[in-house]
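Asks: Pasting query10.csv here (CSV, C-alpha atoms):
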```csv
chain,number,residue,atom,x,y,z
Z,21,GLN,CA,28.7,-78.7,46.9
Z,22,VAL,CA,26.0,-76.3,48.0
Z,23,SER,CA,25.7,-72.6,48.1
Z,24,VAL,CA,25.2,-71.3,51.6
Z,25,LEU,CA,23.6,-67.9,52.0
Z,26,TYR,CA,23.9,-65.8,55.3
Z,27,PHE,CA,21.4,-63.2,56.3
Z,28,ALA,CA,21.1,-60.5,59.0
Z,29,ARG,CA,22.7,-61.6,62.3
Z,30,SER,CA,24.1,-64.8,60.8
Z,31,ALA,CA,25.9,-62.8,58.1
Z,32,GLU,CA,27.4,-60.6,60.8
Z,33,LEU,CA,28.6,-63.7,62.8
Z,34,ALA,CA,29.9,-65.5,59.8
Z,35,GLY,CA,31.5,-62.4,58.3
Z,36,LEU,CA,30.2,-63.1,54.8
Z,37,ARG,CA,27.0,-63.3,52.8
Z,38,CYS,CA,27.6,-66.4,50.7
Z,39,GLU,CA,30.0,-69.2,50.0
Z,40,THR,CA,30.2,-72.7,48.6
Z,41,LEU,CA,30.6,-75.6,51.0
Z,42,SER,CA,31.1,-79.3,50.4
Z,43,VAL,CA,28.8,-81.5,52.4
Z,44,PRO,CA,27.5,-85.1,52.2
Z,45,GLN,CA,24.7,-85.5,49.7
Z,46,GLU,CA,22.4,-87.2,52.4
Z,47,ILE,CA,22.5,-85.3,55.6
Z,48,THR,CA,20.1,-84.4,58.4
Z,49,THR,CA,19.3,-80.7,58.9
Z,50,LEU,CA,21.0,-80.7,62.2
Z,51,GLN,CA,24.2,-82.3,60.7
Z,52,LEU,CA,24.1,-79.7,57.9
Z,53,TRP,CA,24.0,-76.9,60.6
Z,54,GLU,CA,26.9,-78.5,62.4
Z,55,GLU,CA,29.0,-78.6,59.2
Z,56,ILE,CA,28.3,-74.9,58.7
Z,57,VAL,CA,29.2,-74.1,62.4
Z,58,LYS,CA,32.5,-75.9,61.9
Z,59,VAL,CA,33.4,-73.3,59.4
Z,60,HIS,CA,32.0,-70.4,61.3
Z,61,PRO,CA,32.0,-71.2,65.0
Z,62,ARG,CA,30.4,-67.9,66.1
Z,63,LEU,CA,27.2,-69.0,64.5
Z,64,ALA,CA,26.7,-71.3,67.5
Z,65,LEU,CA,25.5,-68.2,69.3
Z,66,ILE,CA,22.2,-68.2,67.4
Z,67,ARG,CA,21.7,-72.0,67.4
Z,68,ASP,CA,18.3,-71.8,69.2
Z,69,GLN,CA,16.8,-69.1,67.1
Z,70,VAL,CA,17.7,-70.2,63.6
Z,71,ILE,CA,16.1,-72.3,60.9
Z,72,LEU,CA,17.3,-73.2,57.4
Z,73,ALA,CA,15.9,-72.7,54.0
Z,74,VAL,CA,16.9,-75.5,51.6
Z,75,ARG,CA,15.9,-74.9,48.0
Z,76,GLN,CA,13.8,-72.0,49.3
Z,77,GLU,CA,11.7,-74.2,51.7
Z,78,TYR,CA,12.0,-73.7,55.4
Z,79,VAL,CA,13.4,-76.7,57.4
Z,80,LEU,CA,13.9,-77.0,61.2
Z,81,LEU,CA,17.2,-78.1,62.6
Z,82,GLY,CA,16.7,-81.8,63.5
Z,83,ASP,CA,16.5,-85.3,62.2
Z,84,GLN,CA,14.9,-84.5,58.9
Z,85,LEU,CA,17.0,-86.1,56.1
Z,86,LEU,CA,17.9,-84.0,53.2
Z,87,VAL,CA,19.0,-85.2,49.8
Z,88,LEU,CA,21.1,-82.4,48.4
Z,89,GLN,CA,22.0,-81.8,44.7
Z,90,PRO,CA,25.1,-79.9,43.6
Z,91,GLY,CA,24.4,-76.2,43.5
Z,92,ASP,CA,21.4,-76.4,45.9
Z,93,GLU,CA,20.9,-73.2,47.9
Z,94,VAL,CA,20.9,-73.4,51.7
Z,95,ALA,CA,20.1,-70.2,53.6
Z,96,ILE,CA,20.6,-69.5,57.3
Z,97,ILE,CA,17.4,-67.9,58.5
Z,98,PRO,CA,17.5,-65.9,61.8
Z,99,PRO,CA,14.1,-64.7,63.2
Z,100,ILE,CA,12.4,-62.6,60.6
Z,101,SER,CA,11.2,-59.1,60.9
Z,102,GLY,CA,9.5,-58.0,57.7
Z,103,GLY,CA,6.6,-55.6,57.5
R,9,MET,CA,-9.3,-57.0,25.2
R,10,GLU,CA,-11.8,-56.5,28.1
R,11,GLU,CA,-11.4,-60.0,29.4
R,12,SER,CA,-7.6,-60.0,29.6
R,13,GLU,CA,-7.4,-56.6,31.2
R,14,ASP,CA,-9.3,-57.6,34.3
R,15,VAL,CA,-7.9,-61.0,35.2
R,16,PRO,CA,-7.0,-61.2,38.9
R,17,LYS,CA,-3.3,-60.2,39.4
R,18,ASP,CA,-0.7,-60.2,42.1
R,19,PHE,CA,1.7,-57.3,42.1
R,20,ILE,CA,4.8,-58.1,44.2
R,21,LYS,CA,7.8,-55.8,44.4
R,22,LEU,CA,10.8,-55.5,46.7
R,23,LYS,CA,12.8,-52.4,46.0
R,24,SER,CA,15.1,-49.9,47.6
R,25,GLU,CA,13.4,-46.8,46.3
R,26,LYS,CA,10.7,-44.9,48.3
R,27,LEU,CA,7.3,-46.6,48.1
R,28,CYS,CA,4.4,-44.8,46.6
R,29,VAL,CA,0.8,-45.2,48.0
R,30,ASP,CA,-0.8,-43.8,44.9
R,31,GLU,CA,1.1,-46.2,42.7
R,32,VAL,CA,0.2,-49.3,44.8
R,33,SER,CA,-3.4,-48.3,45.1
R,34,GLU,CA,-3.8,-47.7,41.4
R,35,LEU,CA,-2.4,-51.2,40.6
R,36,VAL,CA,-5.4,-52.9,42.3
R,37,VAL,CA,-8.2,-50.6,41.2
R,38,SER,CA,-10.7,-52.4,39.0
R,39,PRO,CA,-14.0,-51.5,37.4
R,40,CYS,CA,-15.8,-54.5,39.1
R,41,CYS,CA,-14.5,-53.6,42.6
R,42,GLY,CA,-16.2,-51.2,45.0
R,43,ALA,CA,-13.4,-51.5,47.6
R,44,VAL,CA,-9.7,-51.0,47.8
R,45,SER,CA,-8.2,-51.6,51.2
R,46,LEU,CA,-4.7,-50.5,52.1
R,47,PHE,CA,-2.1,-51.1,54.8
R,48,ILE,CA,0.9,-49.0,55.1
R,49,GLY,CA,3.7,-50.0,57.6
R,50,THR,CA,5.7,-46.9,58.6
R,51,THR,CA,8.9,-46.4,60.6
R,52,ARG,CA,8.4,-45.4,64.2
R,53,ASN,CA,10.9,-43.1,65.8
R,54,ASN,CA,11.2,-45.0,69.1
R,55,PHE,CA,11.5,-48.4,70.7
R,56,GLU,CA,11.5,-49.0,74.4
R,57,GLY,CA,12.6,-45.5,75.2
R,58,LYS,CA,15.4,-45.5,72.6
R,59,LYS,CA,15.4,-43.1,69.7
R,60,VAL,CA,15.3,-44.9,66.4
R,61,ILE,CA,17.4,-43.1,63.7
R,62,HIS,CA,16.2,-45.2,60.8
R,63,LEU,CA,15.5,-48.8,59.8
R,64,GLU,CA,17.5,-51.0,57.4
R,65,TYR,CA,15.9,-54.0,55.7
R,66,GLU,CA,17.4,-56.9,53.9
R,67,ALA,CA,15.8,-59.9,52.2
R,68,TYR,CA,16.3,-63.3,50.7
R,69,ILE,CA,14.8,-61.9,47.6
R,70,PRO,CA,13.8,-64.9,45.5
R,71,MET,CA,12.3,-66.7,48.5
R,72,ALA,CA,10.6,-63.6,49.8
R,73,GLU,CA,8.8,-63.2,46.5
R,74,THR,CA,7.8,-66.9,46.5
R,75,GLU,CA,6.5,-66.6,50.0
R,76,ILE,CA,4.5,-63.5,49.2
R,77,LYS,CA,3.0,-65.3,46.1
R,78,LYS,CA,2.0,-68.1,48.5
R,79,ILE,CA,0.2,-65.5,50.7
R,80,CYS,CA,-1.6,-64.2,47.6
R,81,ARG,CA,-2.7,-67.7,46.7
R,82,ASP,CA,-4.0,-68.3,50.2
R,83,VAL,CA,-5.9,-65.0,50.1
R,84,ARG,CA,-7.6,-66.0,46.9
R,85,GLN,CA,-8.6,-69.4,48.5
R,86,LYS,CA,-10.0,-67.7,51.6
R,87,TRP,CA,-11.6,-64.8,49.9
R,88,PRO,CA,-12.5,-65.8,46.3
R,89,SER,CA,-14.0,-62.5,45.4
R,90,VAL,CA,-10.7,-60.7,45.9
R,91,LYS,CA,-9.6,-59.2,42.6
R,92,HIS,CA,-6.0,-57.7,42.7
R,93,ILE,CA,-3.4,-57.9,45.4
R,94,ALA,CA,-0.3,-55.6,45.6
R,95,VAL,CA,2.5,-56.0,48.1
R,96,HIS,CA,5.4,-53.6,47.9
R,97,HIS,CA,8.2,-53.9,50.5
R,98,ARG,CA,11.2,-51.5,50.7
R,99,LEU,CA,14.7,-52.7,51.2
R,100,GLY,CA,17.8,-50.9,52.4
R,101,VAL,CA,17.5,-47.7,54.5
R,102,VAL,CA,14.0,-46.5,55.4
R,103,PRO,CA,13.9,-43.1,57.2
R,104,ILE,CA,11.5,-42.3,60.1
R,105,THR,CA,7.8,-42.0,59.0
R,106,GLU,CA,8.5,-43.4,55.5
R,107,ALA,CA,6.7,-46.6,54.4
R,108,SER,CA,8.5,-49.9,54.7
R,109,VAL,CA,5.5,-51.9,53.3
R,110,ILE,CA,2.3,-51.1,51.4
R,111,ILE,CA,-0.3,-53.8,50.9
R,112,ALA,CA,-3.4,-53.1,48.7
R,113,VAL,CA,-6.3,-55.4,47.9
R,114,SER,CA,-9.4,-54.8,45.8
R,115,SER,CA,-12.7,-56.7,46.0
R,116,PRO,CA,-16.3,-56.0,45.0
R,117,HIS,CA,-17.4,-55.3,48.6
R,118,ARG,CA,-15.4,-54.0,51.5
R,119,ALA,CA,-15.4,-56.9,54.0
R,120,GLU,CA,-13.2,-59.2,51.9
R,121,SER,CA,-10.5,-56.7,51.0
R,122,LEU,CA,-10.3,-55.4,54.6
R,123,GLU,CA,-9.9,-58.9,55.9
R,124,ALA,CA,-7.4,-59.9,53.2
R,125,VAL,CA,-5.2,-57.0,53.9
R,126,MET,CA,-5.0,-57.9,57.6
R,127,TYR,CA,-4.2,-61.5,56.7
R,128,CYS,CA,-1.5,-60.4,54.3
R,129,ILE,CA,0.4,-58.3,56.8
R,130,ASN,CA,0.0,-60.8,59.6
R,131,THR,CA,1.2,-63.7,57.4
R,132,LEU,CA,4.0,-61.7,55.9
R,133,LYS,CA,5.4,-61.0,59.4
R,134,ALA,CA,5.3,-64.7,60.1
R,135,SER,CA,6.7,-66.2,57.0
R,136,VAL,CA,8.5,-63.9,54.6
R,137,PRO,CA,12.3,-63.9,54.8
R,138,ILE,CA,12.9,-60.2,55.3
R,139,TRP,CA,14.9,-58.8,58.2
R,140,LYS,CA,14.8,-55.4,59.9
R,141,LYS,CA,17.6,-53.7,61.7
R,142,GLU,CA,16.7,-50.8,64.0
R,143,ILE,CA,19.5,-48.2,64.2
R,144,TYR,CA,19.6,-46.2,67.5
R,145,GLU,CA,22.0,-43.4,68.5
R,146,ASP,CA,24.6,-45.7,70.0
R,147,GLU,CA,23.8,-49.2,68.8
R,148,TYR,CA,21.5,-51.3,66.6
R,149,SER,CA,19.3,-54.3,67.0
R,150,TRP,CA,18.0,-57.0,64.7
R,151,LYS,CA,14.3,-57.1,65.3
R,152,GLU,CA,12.3,-60.4,65.6
R,153,ASN,CA,8.6,-60.5,64.8
R,154,LYS,CA,6.5,-62.1,67.5
R,155,GLU,CA,4.7,-63.9,64.7
R,156,CYS,CA,8.0,-65.7,63.8
R,157,PHE,CA,7.8,-69.2,65.4
R,158,TRP,CA,11.5,-69.8,65.6
R,159,ALA,CA,12.3,-66.6,67.5
R,160,ASN,CA,13.2,-66.9,71.1
R,161,SER,CA,10.7,-64.6,72.7
R,162,GLU,CA,12.1,-65.0,76.3
R,163,LYS,CA,15.4,-63.3,76.4
```
In structure tokens, what does this structure look like?

Replies:
Amino acid sequence: QVSVLYFARSAELAGLRCETLSVPQEITTLQLWEEIVKVHPRLALIRDQVILAVRQEYVLLGDQLLVLQPGDEVAIIPPISGG
Amino acid sequence: MEESEDVPKDFIKLKSEKLCVDEVSELVVSPCCGAVSLFIGTTRNNFEGKKVIHLEYEAYIPMAETEIKKICRDVRQKWPSVKHIAVHHRLGVVPITEASVIIAVSSPHRAESLEAVMYCINTLKASVPIWKKEIYEDEYSWKENKECFWANSEK
């Protein structure tokens, strides 16, 4: 079970800011994204412009294998615009 | 007492209250430094012909603070003479002409602090998880920094 955090456009598309999701402990970043899109299909709209932050480290959507622990934070990161 | 007062420090703050240039500047002042360089990012009132009413910022706060700390660490590696670094970023609603971000760096001589400030703002725009929404009269838009490598710049 991981905590998923939604920001900016992704929070608007998902309709919420955070929730707990159950996902396999070993999962690629792309598979993790797809699990999240299953719950919030509208997120597919931003598929090409989004990365994730797992335990506060950025990861691209792809084949990278993650080993998740219960309570890990996964954040959806649309293109940033600080400053 | 003298030694512990002047250890190089990073002052990082994300807050929704109005930012204060004097406050940020005073944080980095140091007796050994002849230069304090500042950058202030302020809210413009227009974008592509549209009138901007105000900006709204949100952040992944714990990670934003960590990323800003990484920037400070990089600054100290590149410019070892840099003394103090302060980065204050506003969250929530920022009215036109008010500051969204203030960066201040002190160093003994001016070259290092000027270069370090530029590096800080450029890297912040590329790596810190903060998002800006521009509110126009009839609509709004989530902005995307061109420094952000995962933004789709062709639309």

Asks: Could you list, with a cut-off of 10 Å and counting only C-alpha atoms, the residues of chain Z near stretch 126-150 of chain R, each shown with its nearest atom pair and the distance in Å rounded to one decimal, rows sorted by chain and ascending number, as JSON lines?

Replies:
```
{"residue": "Z:Phe27", "atom": "CA", "partner": "R:Trp139", "partner_atom": "CA", "distance": 8.1}
{"residue": "Z:Ala28", "atom": "CA", "partner": "R:Trp139", "partner_atom": "CA", "distance": 6.5}
{"residue": "Z:Arg29", "atom": "CA", "partner": "R:Trp150", "partner_atom": "CA", "distance": 7.0}
{"residue": "Z:Ala73", "atom": "CA", "partner": "R:Pro137", "partner_atom": "CA", "distance": 9.5}
{"residue": "Z:Gln76", "atom": "CA", "partner": "R:Pro137", "partner_atom": "CA", "distance": 9.9}
{"residue": "Z:Tyr78", "atom": "CA", "partner": "R:Ser135", "partner_atom": "CA", "distance": 9.3}
{"residue": "Z:Ile97", "atom": "CA", "partner": "R:Pro137", "partner_atom": "CA", "distance": 7.5}
{"residue": "Z:Pro98", "atom": "CA", "partner": "R:Trp139", "partner_atom": "CA", "distance": 8.4}
{"residue": "Z:Pro99", "atom": "CA", "partner": "R:Trp139", "partner_atom": "CA", "distance": 7.8}
{"residue": "Z:Ile100", "atom": "CA", "partner": "R:Trp139", "partner_atom": "CA", "distance": 5.1}
{"residue": "Z:Ser101", "atom": "CA", "partner": "R:Trp139", "partner_atom": "CA", "distance": 4.6}
{"residue": "Z:Gly102", "atom": "CA", "partner": "R:Ile138", "partner_atom": "CA", "distance": 4.7}
{"residue": "Z:Gly103", "atom": "CA", "partner": "R:Lys133", "partner_atom": "CA", "distance": 5.8}
```

Asks: Hey, can you check how far atom CA of R:Val37 sits from atom CA of R:Ala67?

Replies: 28.0 Å

Asks: For Z:Leu72, find every residue with an atom within 7 Å (counting all atoms listed in the file), except residues of its own chain fewer than 6 positions away, and show them as an NGL selection string.

Replies: :Z and (78-80 or 94-97)

Asks: Please list as a list in words every residue within 8 Å of R:Val125, counting all atoms listed in the file and excluding residues in the same chain fewer than 3 positions away.

Replies: Ser45, Leu46, Phe47, Ile111, Ala112, Val113, Ser121, Leu122, Cys128 and Ile129 of chain R

Asks: Keeping only C-alpha atoms, write the selected residues to a file as a compact mmCIF listing (two decimals), in the frame of the given file.

Replies:
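What ended up in part12.txt:
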```txt
# COMPACT_ATOMS: atom_id res chain seq x y z
CA SER R 45 -8.20 -51.60 51.20
CA LEU R 46 -4.70 -50.50 52.10
CA PHE R 47 -2.10 -51.10 54.80
CA ILE R 111 -0.30 -53.80 50.90
CA ALA R 112 -3.40 -53.10 48.70
CA VAL R 113 -6.30 -55.40 47.90
CA SER R 121 -10.50 -56.70 51.00
CA LEU R 122 -10.30 -55.40 54.60
CA CYS R 128 -1.50 -60.40 54.30
CA ILE R 129 0.40 -58.30 56.80
```

Asks: So, counting all atoms listed in the file, which residue among Z:Thr48, Z:Ser42, Z:Ser30, Z:Gln84 is closest to Z:His60?

Replies: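 Of Z:Thr48, Z:Ser42, Z:Ser30, Z:Gln84, the one nearest Z:His60, counting all atoms listed in the file, is Z:Ser30.
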
Asks: Dump as an mmCIF file with C-alpha atoms, in the coordinates of the input all residues having an atom at most 6 Å from (20.9, -51.3, 57.2), computed in the file's coordinates with all atoms listed in the file.

Replies:
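Below you can see point.cif, which holds the result:
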```
data_model
loop_
_atom_site.group_PDB
_atom_site.id
_atom_site.type_symbol
_atom_site.label_atom_id
_atom_site.label_comp_id
_atom_site.auth_asym_id
_atom_site.auth_seq_id
_atom_site.Cartn_x
_atom_site.Cartn_y
_atom_site.Cartn_z
ATOM 1 C CA GLU R 64 17.500 -51.000 57.400
ATOM 2 C CA TYR R 65 15.900 -54.000 55.700
ATOM 3 C CA GLY R 100 17.800 -50.900 52.400
ATOM 4 C CA VAL R 101 17.500 -47.700 54.500
#
```

Asks: Could you tell me which of Z:Ala34, Z:Pro90, Z:Gln21, Z:Gln45 comes closest to Z:Ile66 if we count all atoms listed in the file?

Replies: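 Using all atoms listed in the file, Z:Ile66 sits closest to Z:Ala34.
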
Asks: Counting only C-alpha atoms, figure out which residue out of Z:Ile47, Z:Ile56, Z:Cys38, Z:Val22 gets nearest to chain R.

Replies: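 Comparing Z:Ile47, Z:Ile56, Z:Cys38, Z:Val22 against chain R, the winner is Z:Cys38.
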
Asks: Measure the distance from atom CA of R:Lys26 to atom CA of R:Lys151 in Å and round it to one decimal.

Replies: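 These atoms are spaced 21.2 Å apart.
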
Asks: Rounded to one decimal in Å, what is the spacing between atom CA of Z:Gln69 and atom CA of Z:Leu81?

Replies: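 The value is 10.1 Å.
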
Asks: Can you tell me, as a ChimeraX atom specification, what residues are no more than 12 Å from Z:Lys58 when counting all atoms listed in the file, ignoring any on the same chain fewer than 5 positions away?

Replies: /Z:34,41,43,51-53,63-64

Asks: For chain Z, which residue out of R:Ala43, R:Val36, R:Val109, R:Leu22 is the nearest one, using all atoms listed in the file?

Replies: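 Nearest candidate to chain Z out of R:Ala43, R:Val36, R:Val109, R:Leu22: R:Val109.
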
Asks: Could you name the residues that touch R:Thr105 at 9 Å or less, counting only C-alpha atoms, but leaving out those on the same chain fewer than 5 positions away, as a PDB file with C-alpha atoms, keeping the file's coordinate frame?

Replies:
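Saved file around13.pdb follows:
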```pdb
ATOM      1  CA  THR R  50       5.700 -46.900  58.600  1.00  0.00           C
ATOM      2  CA  THR R  51       8.900 -46.400  60.600  1.00  0.00           C
ATOM      3  CA  ARG R  52       8.400 -45.400  64.200  1.00  0.00           C
ATOM      4  CA  ASN R  53      10.900 -43.100  65.800  1.00  0.00           C
TER       5      ASN R  53
END
```

Asks: For the point (4.7, -50.4, 46.2) in the file's frame, write as a list in words all residues with an atom no more than 7 Å away, counting all atoms listed in the file.

Replies: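 Taken together, the residues in range are Lys21, Leu27, Cys28, Val29, Glu31, Val32, Val95, His96, His97 and Ile110 of chain R.
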
Asks: Kindly provide, as lines of an AutoDock Vina configuration file, the centre and edge lengths (Å, one decimal) of an axis-aligned box around all atoms of stretch 82-91 of chain R given in the file, with 8 Å on each side.

Replies:
```
center_x = -9.0
center_y = -64.3
center_z = 47.1
size_x = 26.0
size_y = 26.2
size_z = 25.0
```

Asks: Closest to chain Z among R:Ala124, R:Val15, R:Ile48, R:Ile93, using all atoms listed in the file?

Replies: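 So, comparing all the options, the nearest one is R:Ile48.
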
Asks: Nearest residue to chain R out of Z:Glu39, Z:Glu32, Z:Glu55, Z:Asp83, using all atoms listed in the file?

Replies: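 Nearest candidate to chain R out of Z:Glu39, Z:Glu32, Z:Glu55, Z:Asp83: Z:Glu32.
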
Asks: As a PDB file, in the frame of the given file, please: stretch 73-98 of chain Z completed to N, CA, C and O atoms.

Replies:
```pdb
ATOM      1  N   ALA Z  73      16.699 -72.621  55.169  1.00  0.00           N
ATOM      2  CA  ALA Z  73      15.900 -72.700  54.000  1.00  0.00           C
ATOM      3  C   ALA Z  73      16.676 -73.512  52.961  1.00  0.00           C
ATOM      4  O   ALA Z  73      17.773 -73.085  52.592  1.00  0.00           O
ATOM      5  N   VAL Z  74      16.184 -74.683  52.572  1.00  0.00           N
ATOM      6  CA  VAL Z  74      16.900 -75.500  51.600  1.00  0.00           C
ATOM      7  C   VAL Z  74      16.042 -75.484  50.312  1.00  0.00           C
ATOM      8  O   VAL Z  74      14.850 -75.818  50.348  1.00  0.00           O
ATOM      9  N   ARG Z  75      16.630 -75.081  49.223  1.00  0.00           N
ATOM     10  CA  ARG Z  75      15.900 -74.900  48.000  1.00  0.00           C
ATOM     11  C   ARG Z  75      14.645 -74.051  48.210  1.00  0.00           C
ATOM     12  O   ARG Z  75      13.564 -74.329  47.706  1.00  0.00           O
ATOM     13  N   GLN Z  76      14.805 -73.028  49.011  1.00  0.00           N
ATOM     14  CA  GLN Z  76      13.800 -72.000  49.300  1.00  0.00           C
ATOM     15  C   GLN Z  76      12.554 -72.596  50.067  1.00  0.00           C
ATOM     16  O   GLN Z  76      11.459 -72.036  50.000  1.00  0.00           O
ATOM     17  N   GLU Z  77      12.752 -73.714  50.791  1.00  0.00           N
ATOM     18  CA  GLU Z  77      11.700 -74.200  51.700  1.00  0.00           C
ATOM     19  C   GLU Z  77      12.283 -74.232  53.091  1.00  0.00           C
ATOM     20  O   GLU Z  77      13.398 -74.719  53.290  1.00  0.00           O
ATOM     21  N   TYR Z  78      11.511 -73.739  54.060  1.00  0.00           N
ATOM     22  CA  TYR Z  78      12.000 -73.700  55.400  1.00  0.00           C
ATOM     23  C   TYR Z  78      12.144 -75.138  55.978  1.00  0.00           C
ATOM     24  O   TYR Z  78      11.288 -75.981  55.752  1.00  0.00           O
ATOM     25  N   VAL Z  79      13.217 -75.395  56.722  1.00  0.00           N
ATOM     26  CA  VAL Z  79      13.400 -76.700  57.400  1.00  0.00           C
ATOM     27  C   VAL Z  79      13.908 -76.361  58.837  1.00  0.00           C
ATOM     28  O   VAL Z  79      14.761 -75.486  59.020  1.00  0.00           O
ATOM     29  N   LEU Z  80      13.393 -77.103  59.826  1.00  0.00           N
ATOM     30  CA  LEU Z  80      13.900 -77.000  61.200  1.00  0.00           C
ATOM     31  C   LEU Z  80      15.174 -77.745  61.341  1.00  0.00           C
ATOM     32  O   LEU Z  80      15.419 -78.695  60.600  1.00  0.00           O
ATOM     33  N   LEU Z  81      15.986 -77.369  62.347  1.00  0.00           N
ATOM     34  CA  LEU Z  81      17.200 -78.100  62.600  1.00  0.00           C
ATOM     35  C   LEU Z  81      16.753 -79.393  63.393  1.00  0.00           C
ATOM     36  O   LEU Z  81      16.121 -79.293  64.445  1.00  0.00           O
ATOM     37  N   GLY Z  82      17.102 -80.561  62.852  1.00  0.00           N
ATOM     38  CA  GLY Z  82      16.700 -81.800  63.500  1.00  0.00           C
ATOM     39  C   GLY Z  82      17.044 -83.003  62.711  1.00  0.00           C
ATOM     40  O   GLY Z  82      18.038 -83.001  61.976  1.00  0.00           O
ATOM     41  N   ASP Z  83      16.185 -84.012  62.813  1.00  0.00           N
ATOM     42  CA  ASP Z  83      16.500 -85.300  62.200  1.00  0.00           C
ATOM     43  C   ASP Z  83      16.051 -85.428  60.739  1.00  0.00           C
ATOM     44  O   ASP Z  83      16.276 -86.463  60.130  1.00  0.00           O
ATOM     45  N   GLN Z  84      15.390 -84.411  60.226  1.00  0.00           N
ATOM     46  CA  GLN Z  84      14.900 -84.500  58.900  1.00  0.00           C
ATOM     47  C   GLN Z  84      16.040 -84.756  57.898  1.00  0.00           C
ATOM     48  O   GLN Z  84      17.025 -84.021  57.904  1.00  0.00           O
ATOM     49  N   LEU Z  85      15.898 -85.787  57.070  1.00  0.00           N
ATOM     50  CA  LEU Z  85      17.000 -86.100  56.100  1.00  0.00           C
ATOM     51  C   LEU Z  85      16.819 -85.357  54.844  1.00  0.00           C
ATOM     52  O   LEU Z  85      15.748 -85.332  54.252  1.00  0.00           O
ATOM     53  N   LEU Z  86      17.894 -84.711  54.441  1.00  0.00           N
ATOM     54  CA  LEU Z  86      17.900 -84.000  53.200  1.00  0.00           C
ATOM     55  C   LEU Z  86      18.654 -84.774  52.130  1.00  0.00           C
ATOM     56  O   LEU Z  86      19.645 -85.431  52.457  1.00  0.00           O
ATOM     57  N   VAL Z  87      18.207 -84.692  50.870  1.00  0.00           N
ATOM     58  CA  VAL Z  87      19.000 -85.200  49.800  1.00  0.00           C
ATOM     59  C   VAL Z  87      19.407 -84.014  48.925  1.00  0.00           C
ATOM     60  O   VAL Z  87      18.579 -83.415  48.236  1.00  0.00           O
ATOM     61  N   LEU Z  88      20.657 -83.618  49.039  1.00  0.00           N
ATOM     62  CA  LEU Z  88      21.100 -82.400  48.400  1.00  0.00           C
ATOM     63  C   LEU Z  88      21.665 -82.666  47.008  1.00  0.00           C
ATOM     64  O   LEU Z  88      22.266 -83.719  46.765  1.00  0.00           O
ATOM     65  N   GLN Z  89      21.448 -81.720  46.096  1.00  0.00           N
ATOM     66  CA  GLN Z  89      22.000 -81.800  44.700  1.00  0.00           C
ATOM     67  C   GLN Z  89      23.097 -80.727  44.627  1.00  0.00           C
ATOM     68  O   GLN Z  89      22.994 -79.675  45.281  1.00  0.00           O
ATOM     69  N   PRO Z  90      24.092 -80.929  43.775  1.00  0.00           N
ATOM     70  CA  PRO Z  90      25.100 -79.900  43.600  1.00  0.00           C
ATOM     71  C   PRO Z  90      24.469 -78.571  43.196  1.00  0.00           C
ATOM     72  O   PRO Z  90      23.565 -78.544  42.355  1.00  0.00           O
ATOM     73  N   GLY Z  91      24.909 -77.494  43.822  1.00  0.00           N
ATOM     74  CA  GLY Z  91      24.400 -76.200  43.500  1.00  0.00           C
ATOM     75  C   GLY Z  91      23.126 -75.802  44.269  1.00  0.00           C
ATOM     76  O   GLY Z  91      22.626 -74.679  44.144  1.00  0.00           O
ATOM     77  N   ASP Z  92      22.596 -76.697  45.112  1.00  0.00           N
ATOM     78  CA  ASP Z  92      21.400 -76.400  45.900  1.00  0.00           C
ATOM     79  C   ASP Z  92      21.747 -75.159  46.811  1.00  0.00           C
ATOM     80  O   ASP Z  92      22.859 -75.013  47.305  1.00  0.00           O
ATOM     81  N   GLU Z  93      20.734 -74.333  47.052  1.00  0.00           N
ATOM     82  CA  GLU Z  93      20.900 -73.200  47.900  1.00  0.00           C
ATOM     83  C   GLU Z  93      20.445 -73.546  49.343  1.00  0.00           C
ATOM     84  O   GLU Z  93      19.348 -74.083  49.524  1.00  0.00           O
ATOM     85  N   VAL Z  94      21.304 -73.254  50.316  1.00  0.00           N
ATOM     86  CA  VAL Z  94      20.900 -73.400  51.700  1.00  0.00           C
ATOM     87  C   VAL Z  94      21.074 -72.053  52.353  1.00  0.00           C
ATOM     88  O   VAL Z  94      22.130 -71.417  52.250  1.00  0.00           O
ATOM     89  N   ALA Z  95      20.015 -71.544  52.975  1.00  0.00           N
ATOM     90  CA  ALA Z  95      20.100 -70.200  53.600  1.00  0.00           C
ATOM     91  C   ALA Z  95      19.940 -70.334  55.088  1.00  0.00           C
ATOM     92  O   ALA Z  95      19.125 -71.129  55.574  1.00  0.00           O
ATOM     93  N   ILE Z  96      20.721 -69.538  55.818  1.00  0.00           N
ATOM     94  CA  ILE Z  96      20.600 -69.500  57.300  1.00  0.00           C
ATOM     95  C   ILE Z  96      19.548 -68.392  57.556  1.00  0.00           C
ATOM     96  O   ILE Z  96      19.706 -67.247  57.116  1.00  0.00           O
ATOM     97  N   ILE Z  97      18.510 -68.768  58.284  1.00  0.00           N
ATOM     98  CA  ILE Z  97      17.400 -67.900  58.500  1.00  0.00           C
ATOM     99  C   ILE Z  97      17.213 -67.513  59.970  1.00  0.00           C
ATOM    100  O   ILE Z  97      16.587 -68.255  60.721  1.00  0.00           O
ATOM    101  N   PRO Z  98      17.773 -66.383  60.408  1.00  0.00           N
ATOM    102  CA  PRO Z  98      17.500 -65.900  61.800  1.00  0.00           C
ATOM    103  C   PRO Z  98      16.035 -65.449  61.876  1.00  0.00           C
ATOM    104  O   PRO Z  98      15.361 -65.357  60.854  1.00  0.00           O
TER     105      PRO Z  98
END
```
